[in-house]
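Q: The structure file upload37.txt (compact mmCIF, C-alpha atoms) is provided below.
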```
# COMPACT_ATOMS: atom_id res chain seq x y z
CA MET A 1 0.00 0.00 0.00
CA ALA A 2 1.37 3.40 -0.98
CA LEU A 3 2.11 5.76 1.92
CA ILE A 4 1.79 8.92 -0.18
CA ARG A 5 -0.32 10.17 -3.08
CA THR A 6 0.72 12.38 -5.95
CA GLU A 7 -1.38 14.72 -8.05
CA ARG A 8 -0.67 17.10 -10.90
CA ASP A 9 -2.59 20.16 -12.03
CA GLY A 10 -0.89 21.91 -14.93
CA TRP A 11 2.60 22.98 -13.87
CA ILE A 12 1.95 22.20 -10.20
CA GLY A 13 2.62 18.86 -8.53
CA THR A 14 1.30 17.79 -5.13
CA ILE A 15 2.62 15.16 -2.73
CA VAL A 16 0.19 14.12 0.01
CA LEU A 17 1.42 12.24 3.09
CA ASP A 18 -1.15 9.46 3.43
CA HIS A 19 -0.21 7.17 6.31
CA ALA A 20 -2.43 8.44 9.11
CA ALA A 21 -2.25 5.12 10.97
CA LYS A 22 1.39 5.91 11.78
CA ARG A 23 0.88 9.69 11.95
CA ASN A 24 2.87 10.00 8.72
CA ALA A 25 6.05 8.87 10.46
CA LEU A 26 9.08 9.18 8.20
CA SER A 27 9.88 5.53 7.66
CA SER A 28 12.46 4.56 5.08
CA VAL A 29 9.65 3.27 2.84
CA LEU A 30 7.69 6.54 3.01
CA ILE A 31 10.87 8.54 2.35
CA ASP A 32 11.71 6.36 -0.65
CA GLU A 33 8.24 7.10 -2.03
CA LEU A 34 8.71 10.84 -1.43
CA CYS A 35 12.06 10.86 -3.22
CA ALA A 36 10.60 8.88 -6.13
CA ALA A 37 7.71 11.35 -6.37
CA LEU A 38 10.12 14.28 -6.50
CA ALA A 39 12.12 12.56 -9.23
CA GLY A 40 8.95 11.96 -11.21
CA PHE A 41 7.92 15.61 -10.97
CA ARG A 42 11.40 16.68 -12.04
CA ASP A 43 11.20 14.46 -15.10
CA ASP A 44 7.72 15.84 -15.86
CA HIS A 45 9.08 19.42 -15.72
CA VAL A 46 6.58 20.72 -13.18
CA ARG A 47 7.39 24.19 -11.89
CA ALA A 48 6.28 24.00 -8.26
CA VAL A 49 5.58 21.17 -5.81
CA VAL A 50 3.31 21.30 -2.76
CA LEU A 51 4.12 18.92 0.11
CA ARG A 52 1.16 18.41 2.42
CA ALA A 53 -0.80 15.99 4.60
CA GLU A 54 -4.47 15.11 4.43
CA PRO A 55 -6.82 17.94 5.49
CA GLY A 56 -7.75 18.02 9.16
CA VAL A 57 -4.80 16.04 10.55
CA LYS A 58 -3.73 16.63 14.15
CA VAL A 59 -0.17 15.56 13.34
CA TRP A 60 1.34 16.55 9.98
CA SER A 61 4.17 14.09 10.64
CA ALA A 62 5.47 12.45 13.81
CA GLY A 63 9.04 12.56 12.49
CA PHE A 64 11.49 9.74 12.02
CA ASN A 65 10.20 6.22 12.58
CA ILE A 66 11.78 5.40 15.96
CA ASP A 67 11.50 1.66 15.29
CA GLU A 68 14.15 2.06 12.58
CA LEU A 69 16.79 3.66 14.83
CA PRO A 70 19.77 1.36 15.59
CA GLU A 71 19.94 -0.05 19.11
CA GLY A 72 23.31 1.50 19.95
CA HIS A 73 26.99 1.93 19.10
CA ARG A 74 26.04 3.18 15.65
CA ASP A 75 25.26 6.70 14.49
CA PRO A 76 21.44 6.84 14.38
CA LEU A 77 21.40 9.90 12.12
CA GLY A 78 24.43 9.56 9.86
CA TRP A 79 24.98 10.71 6.27
CA ASP A 80 22.96 7.79 4.88
CA ASP A 81 20.04 8.31 7.28
CA PRO A 82 16.76 8.42 5.30
CA VAL A 83 15.68 11.81 6.71
CA ARG A 84 19.05 13.33 5.79
CA HIS A 85 18.66 11.90 2.29
CA LEU A 86 15.18 13.44 1.95
CA VAL A 87 16.36 16.84 3.19
CA ARG A 88 19.21 16.80 0.66
CA GLU A 89 16.78 15.83 -2.10
CA ILE A 90 14.47 18.75 -1.26
CA ALA A 91 17.37 21.20 -1.01
CA ARG A 92 18.90 20.11 -4.33
CA PHE A 93 15.58 19.66 -6.12
CA PRO A 94 15.63 22.18 -8.99
CA ILE A 95 11.99 23.15 -8.43
CA PRO A 96 10.58 25.12 -5.46
CA VAL A 97 8.90 22.96 -2.82
CA ILE A 98 6.12 24.55 -0.77
CA ALA A 99 5.23 22.96 2.57
CA MET A 100 1.54 23.30 3.45
CA VAL A 101 1.20 22.49 7.12
CA GLU A 102 -1.58 21.95 9.62
CA GLY A 103 -1.10 20.01 12.84
CA GLY A 104 2.03 19.06 14.74
CA VAL A 105 5.41 18.62 13.08
CA TRP A 106 7.87 16.65 15.19
CA GLY A 107 11.55 15.75 15.12
CA GLY A 108 12.93 14.95 11.70
CA ALA A 109 9.72 16.14 10.06
CA CYS A 110 10.42 19.59 11.49
CA GLU A 111 13.70 19.63 9.58
CA VAL A 112 11.98 18.40 6.41
CA VAL A 113 9.45 21.25 6.54
CA LEU A 114 12.11 23.86 7.31
CA ALA A 115 14.16 22.58 4.35
CA CYS A 116 11.31 23.47 2.00
CA ASP A 117 11.56 26.71 0.04
CA ILE A 118 8.29 28.27 1.21
CA ILE A 119 6.17 27.31 4.23
CA VAL A 120 2.48 28.10 4.61
CA ILE A 121 0.82 27.06 7.86
CA ALA A 122 -2.55 26.99 9.57
CA PRO A 123 -3.01 28.21 13.16
CA THR A 124 -3.07 24.55 14.26
CA ALA A 125 0.54 24.00 13.16
CA SER A 126 3.35 23.58 15.68
CA PHE A 127 7.00 22.60 15.44
CA ALA A 128 9.08 20.55 17.88
CA ILE A 129 12.69 19.33 17.84
CA THR A 130 12.27 16.19 19.95
CA PRO A 131 15.48 14.04 19.91
CA ALA A 132 16.43 15.02 23.48
CA LYS A 133 13.37 13.10 24.69
CA LEU A 134 15.06 9.91 23.48
CA SER A 135 18.71 10.88 24.05
CA VAL A 136 19.27 10.95 20.29
CA PRO A 137 22.10 13.30 19.20
CA TYR A 138 20.81 15.28 16.23
CA ASN A 139 23.21 15.47 13.31
CA ILE A 140 25.34 18.47 12.34
CA SER A 141 23.70 19.09 8.96
CA GLY A 142 20.29 19.03 10.59
CA MET A 143 21.34 21.62 13.14
CA LEU A 144 22.44 23.85 10.27
CA THR A 145 18.97 23.48 8.70
CA PHE A 146 17.44 24.72 11.95
CA LEU A 147 19.94 27.58 12.29
CA ASN A 148 19.13 28.73 8.75
CA ALA A 149 15.43 28.81 9.65
CA ALA A 150 15.33 30.26 13.17
CA PRO A 151 17.43 32.40 15.53
CA ALA A 152 20.11 30.43 17.38
CA CYS A 153 18.48 31.15 20.75
CA THR A 154 15.22 29.65 19.48
CA VAL A 155 16.97 26.54 18.14
CA ARG A 156 18.65 26.09 21.52
CA GLU A 157 15.35 26.33 23.37
CA MET A 158 13.61 23.96 20.97
CA ALA A 159 16.46 21.42 21.06
CA PHE A 160 17.05 21.54 24.82
CA THR A 161 13.40 21.54 25.97
CA ALA A 162 11.83 19.52 23.12
CA LYS A 163 8.79 21.78 23.59
CA PRO A 164 6.80 22.84 20.51
CA VAL A 165 6.75 26.31 18.99
CA ASP A 166 3.19 27.25 18.06
CA ALA A 167 2.11 28.72 14.74
CA ALA A 168 2.00 32.35 15.84
CA ARG A 169 5.48 32.24 17.35
CA ALA A 170 6.90 30.40 14.33
CA PHE A 171 5.58 33.18 12.10
CA ASP A 172 6.86 35.94 14.38
CA LEU A 173 10.33 34.33 14.37
CA GLY A 174 10.39 34.13 10.58
CA MET A 175 10.46 30.33 10.53
CA VAL A 176 7.52 30.26 8.10
CA ASN A 177 6.29 32.52 5.32
CA HIS A 178 2.56 32.73 5.98
CA ILE A 179 0.05 31.81 8.68
CA VAL A 180 -3.50 31.81 7.35
CA PRO A 181 -6.93 30.65 8.54
CA ILE A 182 -7.43 26.94 7.95
CA GLU A 183 -10.16 27.58 5.39
CA GLU A 184 -7.71 29.68 3.32
CA LEU A 185 -4.74 27.32 3.56
CA GLU A 186 -5.14 25.65 0.17
CA THR A 187 -6.09 28.90 -1.60
CA VAL A 188 -3.00 30.74 -0.38
CA THR A 189 -0.63 27.80 -0.89
CA TYR A 190 -1.70 27.02 -4.43
CA GLY A 191 -1.85 30.72 -5.25
CA ILE A 192 1.86 30.94 -4.42
CA ALA A 193 2.50 27.80 -6.49
CA ARG A 194 0.73 29.36 -9.48
CA ASP A 195 2.75 32.57 -9.08
CA ILE A 196 5.97 30.54 -9.18
CA ALA A 197 4.79 28.46 -12.13
CA ALA A 198 4.07 31.63 -14.13
CA ASN A 199 7.71 32.71 -13.96
CA ALA A 200 10.76 31.58 -15.94
CA PRO A 201 11.61 28.09 -14.59
CA LEU A 202 15.33 28.21 -15.41
CA ALA A 203 15.78 31.50 -13.56
CA VAL A 204 13.83 30.22 -10.56
CA SER A 205 15.87 26.99 -10.49
CA VAL A 206 19.20 28.83 -10.63
CA MET A 207 18.18 31.24 -7.87
CA LYS A 208 17.13 28.32 -5.67
CA GLU A 209 20.54 26.69 -6.15
CA GLN A 210 22.35 29.98 -5.45
CA LEU A 211 20.46 30.37 -2.19
CA ARG A 212 21.18 26.75 -1.21
CA ILE A 213 24.92 27.22 -1.67
CA LEU A 214 24.98 30.55 0.15
CA GLU A 215 22.94 29.20 3.08
CA GLY A 216 25.41 26.34 3.43
CA ALA A 217 28.47 28.58 3.41
CA HIS A 218 29.41 27.89 7.05
CA PRO A 219 32.88 26.30 6.94
CA VAL A 220 33.83 23.99 9.81
CA SER A 221 37.45 22.97 10.24
CA PRO A 222 38.30 19.25 10.05
CA GLU A 223 39.26 19.42 13.73
CA GLY A 224 35.95 21.01 14.65
CA PHE A 225 33.97 18.49 12.60
CA GLU A 226 35.80 15.56 14.19
CA ARG A 227 35.13 16.99 17.66
CA LEU A 228 31.41 17.36 16.92
CA GLN A 229 31.21 13.80 15.60
CA GLY A 230 33.08 12.56 18.67
CA LEU A 231 30.63 14.33 20.97
CA ARG A 232 27.70 12.75 19.13
CA ARG A 233 29.34 9.33 19.41
CA VAL A 234 29.47 9.68 23.20
CA VAL A 235 25.68 10.06 23.18
CA TYR A 236 24.74 7.17 20.90
CA ASP A 237 27.17 4.88 22.74
CA SER A 238 25.60 5.85 26.08
CA SER A 239 23.23 4.00 28.40
CA ASP A 240 20.84 6.95 28.09
CA TYR A 241 20.46 6.34 24.35
CA SER A 242 19.52 2.70 24.92
CA GLU A 243 17.16 3.73 27.72
CA GLY A 244 15.46 6.32 25.50
CA LEU A 245 14.69 3.75 22.81
CA ARG A 246 13.55 1.14 25.35
CA ALA A 247 11.26 3.60 27.08
CA PHE A 248 9.69 4.67 23.80
CA LYS A 249 8.97 1.08 22.79
CA GLU A 250 7.65 0.25 26.27
CA LYS A 251 5.48 3.41 26.27
CA ARG A 252 6.91 4.79 29.52
CA LYS A 253 8.85 7.85 30.59
CA PRO A 254 12.63 7.31 30.28
CA VAL A 255 14.92 7.53 33.29
CA PHE A 256 18.11 9.24 32.16
CA GLU A 257 21.28 9.06 34.28
CA GLY A 258 23.64 11.13 32.15
CA LYS A 259 25.89 8.23 31.27
```
Would you put the structure from the file into structure tokens?

A:
Amino acid sequence: MALIRTERDGWIGTIVLDHAAKRNALSSVLIDELCAALAGFRDDHVRAVVLRAEPGVKVWSAGFNIDELPEGHRDPLGWDDPVRHLVREIARFPIPVIAMVEGGVWGGACEVVLACDIIVIAPTASFAITPAKLSVPYNISGMLTFLNAAPACTVREMAFTAKPVDAARAFDLGMVNHIVPIEELETVTYGIARDIAANAPLAVSVMKEQLRILEGAHPVSPEGFERLQGLRRVVYDSSDYSEGLRAFKEKRKPVFEGK
């Protein structure tokens, strides 16, 4: 059974997350389908893509599928992690991707939305960076995605507390482009998509790539990178990491000991 749906209307493509039973968790299968859908729209020369969930959802996406995280002693969010792959695909996709969001956006899904080119949300939307709840060390590239989308002090608060930022605050912080009444969400989102589609696609594509490169222009020395990776390794080799995964699967609150 497919976990997403795709639609096309003229120059505009739509990808609908369609796995409500798992709150649209970003499993490797769902991510493979998303990447295949993007590739199909690229080959079809669409000029804008809308990424959305079904109308009325309480959770837009629950983030990475925790059941797929390794048990320990292995980087849970390395270069080949499915969420990282999806974020790279969106960033390098030569066509603007518009996230249309209602409901909660958690963990890795928060990064996926913030990696999109334009974000339109309903008042029901909220965003949470949740890995600290499981003692999962978020990856360096993902942190850069957050820092490009929100002030550093906000990223710190979100990462350290794992508490959600509501729609109004996300808009005030500049994390999203538009917050609109739920009944206007589709009208505004697809209006933006039509505006993009009416412009010169080559120029739009080149400007998107220019912005991607400039946003990523934060050099880290080899020594600094190795230190950051070493710090992350301490976490995913820890007892707390194993406890976080066990507690999630046992549906209880974890007991972290800092070791």

Q: I'd like the neighbourhood of A:Lys22 as a JSON list (two decimals) with C-alpha atoms, keeping the file's coordinate frame, where a residue qualifies if any of its atoms comes within 12 Å (using only C-alpha atoms), though same-chain residues fewer than 6 positions away should be ignored.

A:
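Result file follows (around-v4.json):
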```
[["chain", "number", "residue", "atom", "x", "y", "z"],
["A", 3, "LEU", "CA", 2.11, 5.76, 1.92],
["A", 30, "LEU", "CA", 7.69, 6.54, 3.01],
["A", 57, "VAL", "CA", -4.80, 16.04, 10.55],
["A", 59, "VAL", "CA", -0.17, 15.56, 13.34],
["A", 60, "TRP", "CA", 1.34, 16.55, 9.98],
["A", 61, "SER", "CA", 4.17, 14.09, 10.64],
["A", 62, "ALA", "CA", 5.47, 12.45, 13.81],
["A", 63, "GLY", "CA", 9.04, 12.56, 12.49],
["A", 64, "PHE", "CA", 11.49, 9.74, 12.02],
["A", 65, "ASN", "CA", 10.20, 6.22, 12.58],
["A", 66, "ILE", "CA", 11.78, 5.40, 15.96],
["A", 67, "ASP", "CA", 11.50, 1.66, 15.29]]
```

Q: Between atom CA of A:Glu257 and atom CA of A:Ser238, what distance in Å does the model show, to one decimal?

A: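 Taking atom CA of A:Glu257 and atom CA of A:Ser238, their separation equals 9.8 Å.
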
Q: For A:Tyr138, which residue out of A:Asp172, A:Asp81, A:Asp9, A:Glu102 is the nearest one, using only C-alpha atoms?

A: A:Asp81

Q: Please determine, counting all atoms listed in the file, which residue among A:Gly10, A:Pro123, A:Ser141, A:Leu211 has the shortest atom-to-atom distance to A:Glu184.

A: A:Pro123

Q: Given all atoms listed in the file as the basis, pick out the residue of A:Trp106, A:Phe146, A:Tyr241, A:Phe127 nearest to A:Ala168.

A: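 Closest to A:Ala168 of all the choices is A:Phe127.
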
Q: So that I can check the surroundings of A:Ala39, please list as a compact mmCIF listing (two decimals) with C-alpha atoms, in the frame of the given file every protein, DNA and RNA residue that reaches within 12 Å of it, counting only C-alpha atoms and ignoring chain neighbours fewer than 4 positions away.

A:
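Output below, filename around-v6.txt:
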```txt
# COMPACT_ATOMS: atom_id res chain seq x y z
CA THR A 6 0.72 12.38 -5.95
CA GLY A 13 2.62 18.86 -8.53
CA ILE A 15 2.62 15.16 -2.73
CA ASP A 32 11.71 6.36 -0.65
CA GLU A 33 8.24 7.10 -2.03
CA LEU A 34 8.71 10.84 -1.43
CA CYS A 35 12.06 10.86 -3.22
CA ASP A 43 11.20 14.46 -15.10
CA ASP A 44 7.72 15.84 -15.86
CA HIS A 45 9.08 19.42 -15.72
CA VAL A 46 6.58 20.72 -13.18
CA VAL A 49 5.58 21.17 -5.81
CA LEU A 86 15.18 13.44 1.95
CA GLU A 89 16.78 15.83 -2.10
CA ILE A 90 14.47 18.75 -1.26
CA ARG A 92 18.90 20.11 -4.33
CA PHE A 93 15.58 19.66 -6.12
CA PRO A 94 15.63 22.18 -8.99
CA ILE A 95 11.99 23.15 -8.43
```

Q: Atom CA of A:Ala109 to atom CA of A:Pro201: how many Å, to one decimal?

A: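 Distance reported for this atom pair: 27.5 Å.
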
Q: Leaving out A:Ala159 and any residue of its chain fewer than 4 positions from it, which residues lie within 7 Å of it when counting only C-alpha atoms, given as number ranges by chain?

A: A: 129-130, 132, 155

Q: Quick one: distance from atom CA of A:Phe248 to atom CA of A:Ser135 in Å, one decimal?

A: 11.0 Å

Q: Using only C-alpha atoms, pick whichever of A:Val105, A:Val176, A:Leu114, A:Val50 has the shortest atom-to-atom distance to A:Leu26.

A: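 Answer, going by the shortest atom-to-atom distance: A:Val105.
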
Q: Anything within 9 Å of (16.0, 19.3, 26.5): list those residues as number ranges by chain, counting all atoms listed in the file and sticking to the file's coordinates.

A: A: 130-133, 156-163

Q: Of the candidates A:Glu111, A:Asp117, A:Asp195, A:Glu54, which shows the shortest atom-to-atom distance to A:Met207, using all atoms listed in the file?

A: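 Ranked by minimum distance to A:Met207, first place goes to A:Asp117.
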
Q: Would you kindly identify which residues have an atom no farther than 12 Å from (8.2, 33.3, -9.1), using only C-alpha atoms and the file's own coordinates, and write them out as a list in words?

A: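 So the residues meeting the distance criterion are Arg47, Ala48, Ile95, Pro96, Asp117, Ile118, Gly191, Ile192, Ala193, Arg194, Asp195, Ile196, Ala197, Ala198, Asn199, Ala200, Pro201, Leu202, Ala203, Val204, Ser205, Val206, Met207 and Lys208 of chain A.
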
Q: With all atoms listed in the file as the atoms that count, which of A:Glu243, A:Glu215, A:Glu186, A:Glu250 lies nearest to A:Leu134?

A: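 Once distances to A:Leu134 are computed over all atoms listed in the file, the minimum belongs to A:Glu243.
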
Q: Write out as JSON an axis-aligned box for stretch 84-87 of chain A: all of its atoms listed in the file, 5 Å added on each side, centre and edge lengths in Å with one decimal.

A:
```
{"center_x": 17.1, "center_y": 14.4, "center_z": 3.9, "size_x": 13.9, "size_y": 14.9, "size_z": 13.8}
```

Q: Can you take the partial stretch 151-183 of chain A, add N, CA and C atoms, and return it as a PDB file, keeping the file's coordinate frame?

A:
```
ATOM      1  N   PRO A 151      16.319  31.845  14.745  1.00  0.00           N
ATOM      2  CA  PRO A 151      17.430  32.400  15.530  1.00  0.00           C
ATOM      3  C   PRO A 151      18.075  31.314  16.395  1.00  0.00           C
ATOM      4  N   ALA A 152      19.377  31.444  16.622  1.00  0.00           N
ATOM      5  CA  ALA A 152      20.110  30.430  17.380  1.00  0.00           C
ATOM      6  C   ALA A 152      19.505  30.220  18.767  1.00  0.00           C
ATOM      7  N   CYS A 153      19.055  31.303  19.413  1.00  0.00           N
ATOM      8  CA  CYS A 153      18.480  31.150  20.750  1.00  0.00           C
ATOM      9  C   CYS A 153      17.199  30.317  20.706  1.00  0.00           C
ATOM     10  N   THR A 154      16.440  30.444  19.624  1.00  0.00           N
ATOM     11  CA  THR A 154      15.220  29.650  19.480  1.00  0.00           C
ATOM     12  C   THR A 154      15.553  28.182  19.237  1.00  0.00           C
ATOM     13  N   VAL A 155      16.558  27.925  18.395  1.00  0.00           N
ATOM     14  CA  VAL A 155      16.970  26.540  18.140  1.00  0.00           C
ATOM     15  C   VAL A 155      17.442  25.894  19.435  1.00  0.00           C
ATOM     16  N   ARG A 156      18.196  26.643  20.240  1.00  0.00           N
ATOM     17  CA  ARG A 156      18.650  26.090  21.520  1.00  0.00           C
ATOM     18  C   ARG A 156      17.461  25.704  22.399  1.00  0.00           C
ATOM     19  N   GLU A 157      16.509  26.614  22.524  1.00  0.00           N
ATOM     20  CA  GLU A 157      15.350  26.330  23.370  1.00  0.00           C
ATOM     21  C   GLU A 157      14.565  25.129  22.856  1.00  0.00           C
ATOM     22  N   MET A 158      14.350  25.074  21.544  1.00  0.00           N
ATOM     23  CA  MET A 158      13.610  23.960  20.970  1.00  0.00           C
ATOM     24  C   MET A 158      14.345  22.644  21.176  1.00  0.00           C
ATOM     25  N   ALA A 159      15.674  22.647  20.956  1.00  0.00           N
ATOM     26  CA  ALA A 159      16.460  21.420  21.060  1.00  0.00           C
ATOM     27  C   ALA A 159      16.599  20.958  22.504  1.00  0.00           C
ATOM     28  N   PHE A 160      16.798  21.911  23.428  1.00  0.00           N
ATOM     29  CA  PHE A 160      17.050  21.540  24.820  1.00  0.00           C
ATOM     30  C   PHE A 160      15.769  21.141  25.552  1.00  0.00           C
ATOM     31  N   THR A 161      14.654  21.817  25.251  1.00  0.00           N
ATOM     32  CA  THR A 161      13.400  21.540  25.970  1.00  0.00           C
ATOM     33  C   THR A 161      12.517  20.526  25.269  1.00  0.00           C
ATOM     34  N   ALA A 162      12.689  20.372  23.953  1.00  0.00           N
ATOM     35  CA  ALA A 162      11.830  19.520  23.120  1.00  0.00           C
ATOM     36  C   ALA A 162      10.380  19.985  23.137  1.00  0.00           C
ATOM     37  N   LYS A 163      10.142  21.228  23.557  1.00  0.00           N
ATOM     38  CA  LYS A 163       8.790  21.780  23.590  1.00  0.00           C
ATOM     39  C   LYS A 163       8.443  22.393  22.231  1.00  0.00           C
ATOM     40  N   PRO A 164       7.176  22.316  21.823  1.00  0.00           N
ATOM     41  CA  PRO A 164       6.800  22.840  20.510  1.00  0.00           C
ATOM     42  C   PRO A 164       6.714  24.363  20.480  1.00  0.00           C
ATOM     43  N   VAL A 165       6.983  24.898  19.301  1.00  0.00           N
ATOM     44  CA  VAL A 165       6.750  26.310  18.990  1.00  0.00           C
ATOM     45  C   VAL A 165       5.425  26.377  18.243  1.00  0.00           C
ATOM     46  N   ASP A 166       4.496  27.203  18.721  1.00  0.00           N
ATOM     47  CA  ASP A 166       3.190  27.250  18.060  1.00  0.00           C
ATOM     48  C   ASP A 166       3.243  28.088  16.787  1.00  0.00           C
ATOM     49  N   ALA A 167       2.145  28.088  16.063  1.00  0.00           N
ATOM     50  CA  ALA A 167       2.110  28.720  14.740  1.00  0.00           C
ATOM     51  C   ALA A 167       2.413  30.205  14.806  1.00  0.00           C
ATOM     52  N   ALA A 168       1.806  30.899  15.759  1.00  0.00           N
ATOM     53  CA  ALA A 168       2.000  32.350  15.840  1.00  0.00           C
ATOM     54  C   ALA A 168       3.452  32.697  16.120  1.00  0.00           C
ATOM     55  N   ARG A 169       4.074  31.956  17.040  1.00  0.00           N
ATOM     56  CA  ARG A 169       5.480  32.240  17.350  1.00  0.00           C
ATOM     57  C   ARG A 169       6.380  31.883  16.168  1.00  0.00           C
ATOM     58  N   ALA A 170       6.099  30.773  15.499  1.00  0.00           N
ATOM     59  CA  ALA A 170       6.900  30.400  14.330  1.00  0.00           C
ATOM     60  C   ALA A 170       6.860  31.494  13.270  1.00  0.00           C
ATOM     61  N   PHE A 171       5.692  32.089  13.073  1.00  0.00           N
ATOM     62  CA  PHE A 171       5.580  33.180  12.100  1.00  0.00           C
ATOM     63  C   PHE A 171       6.333  34.411  12.581  1.00  0.00           C
ATOM     64  N   ASP A 172       6.184  34.761  13.846  1.00  0.00           N
ATOM     65  CA  ASP A 172       6.860  35.940  14.380  1.00  0.00           C
ATOM     66  C   ASP A 172       8.383  35.803  14.295  1.00  0.00           C
ATOM     67  N   LEU A 173       8.888  34.580  14.427  1.00  0.00           N
ATOM     68  CA  LEU A 173      10.330  34.330  14.370  1.00  0.00           C
ATOM     69  C   LEU A 173      10.854  34.240  12.944  1.00  0.00           C
ATOM     70  N   GLY A 174       9.961  34.246  11.966  1.00  0.00           N
ATOM     71  CA  GLY A 174      10.390  34.130  10.580  1.00  0.00           C
ATOM     72  C   GLY A 174      10.687  32.719  10.140  1.00  0.00           C
ATOM     73  N   MET A 175      10.234  31.727  10.906  1.00  0.00           N
ATOM     74  CA  MET A 175      10.460  30.330  10.530  1.00  0.00           C
ATOM     75  C   MET A 175       9.599  29.925   9.347  1.00  0.00           C
ATOM     76  N   VAL A 176       8.452  30.587   9.184  1.00  0.00           N
ATOM     77  CA  VAL A 176       7.520  30.260   8.100  1.00  0.00           C
ATOM     78  C   VAL A 176       7.159  31.531   7.354  1.00  0.00           C
ATOM     79  N   ASN A 177       6.619  31.360   6.151  1.00  0.00           N
ATOM     80  CA  ASN A 177       6.290  32.520   5.320  1.00  0.00           C
ATOM     81  C   ASN A 177       4.926  33.116   5.622  1.00  0.00           C
ATOM     82  N   HIS A 178       3.932  32.246   5.809  1.00  0.00           N
ATOM     83  CA  HIS A 178       2.560  32.730   5.980  1.00  0.00           C
ATOM     84  C   HIS A 178       1.835  31.868   7.001  1.00  0.00           C
ATOM     85  N   ILE A 179       1.017  32.513   7.839  1.00  0.00           N
ATOM     86  CA  ILE A 179       0.050  31.810   8.680  1.00  0.00           C
ATOM     87  C   ILE A 179      -1.322  32.325   8.278  1.00  0.00           C
ATOM     88  N   VAL A 180      -2.198  31.407   7.889  1.00  0.00           N
ATOM     89  CA  VAL A 180      -3.500  31.810   7.350  1.00  0.00           C
ATOM     90  C   VAL A 180      -4.595  30.963   7.988  1.00  0.00           C
ATOM     91  N   PRO A 181      -5.824  31.456   8.015  1.00  0.00           N
ATOM     92  CA  PRO A 181      -6.930  30.650   8.540  1.00  0.00           C
ATOM     93  C   PRO A 181      -7.017  29.312   7.803  1.00  0.00           C
ATOM     94  N   ILE A 182      -7.414  28.287   8.518  1.00  0.00           N
ATOM     95  CA  ILE A 182      -7.430  26.940   7.950  1.00  0.00           C
ATOM     96  C   ILE A 182      -8.238  26.874   6.668  1.00  0.00           C
ATOM     97  N   GLU A 183      -9.329  27.629   6.586  1.00  0.00           N
ATOM     98  CA  GLU A 183     -10.160  27.580   5.390  1.00  0.00           C
ATOM     99  C   GLU A 183      -9.500  28.257   4.186  1.00  0.00           C
TER     100      GLU A 183
END
```
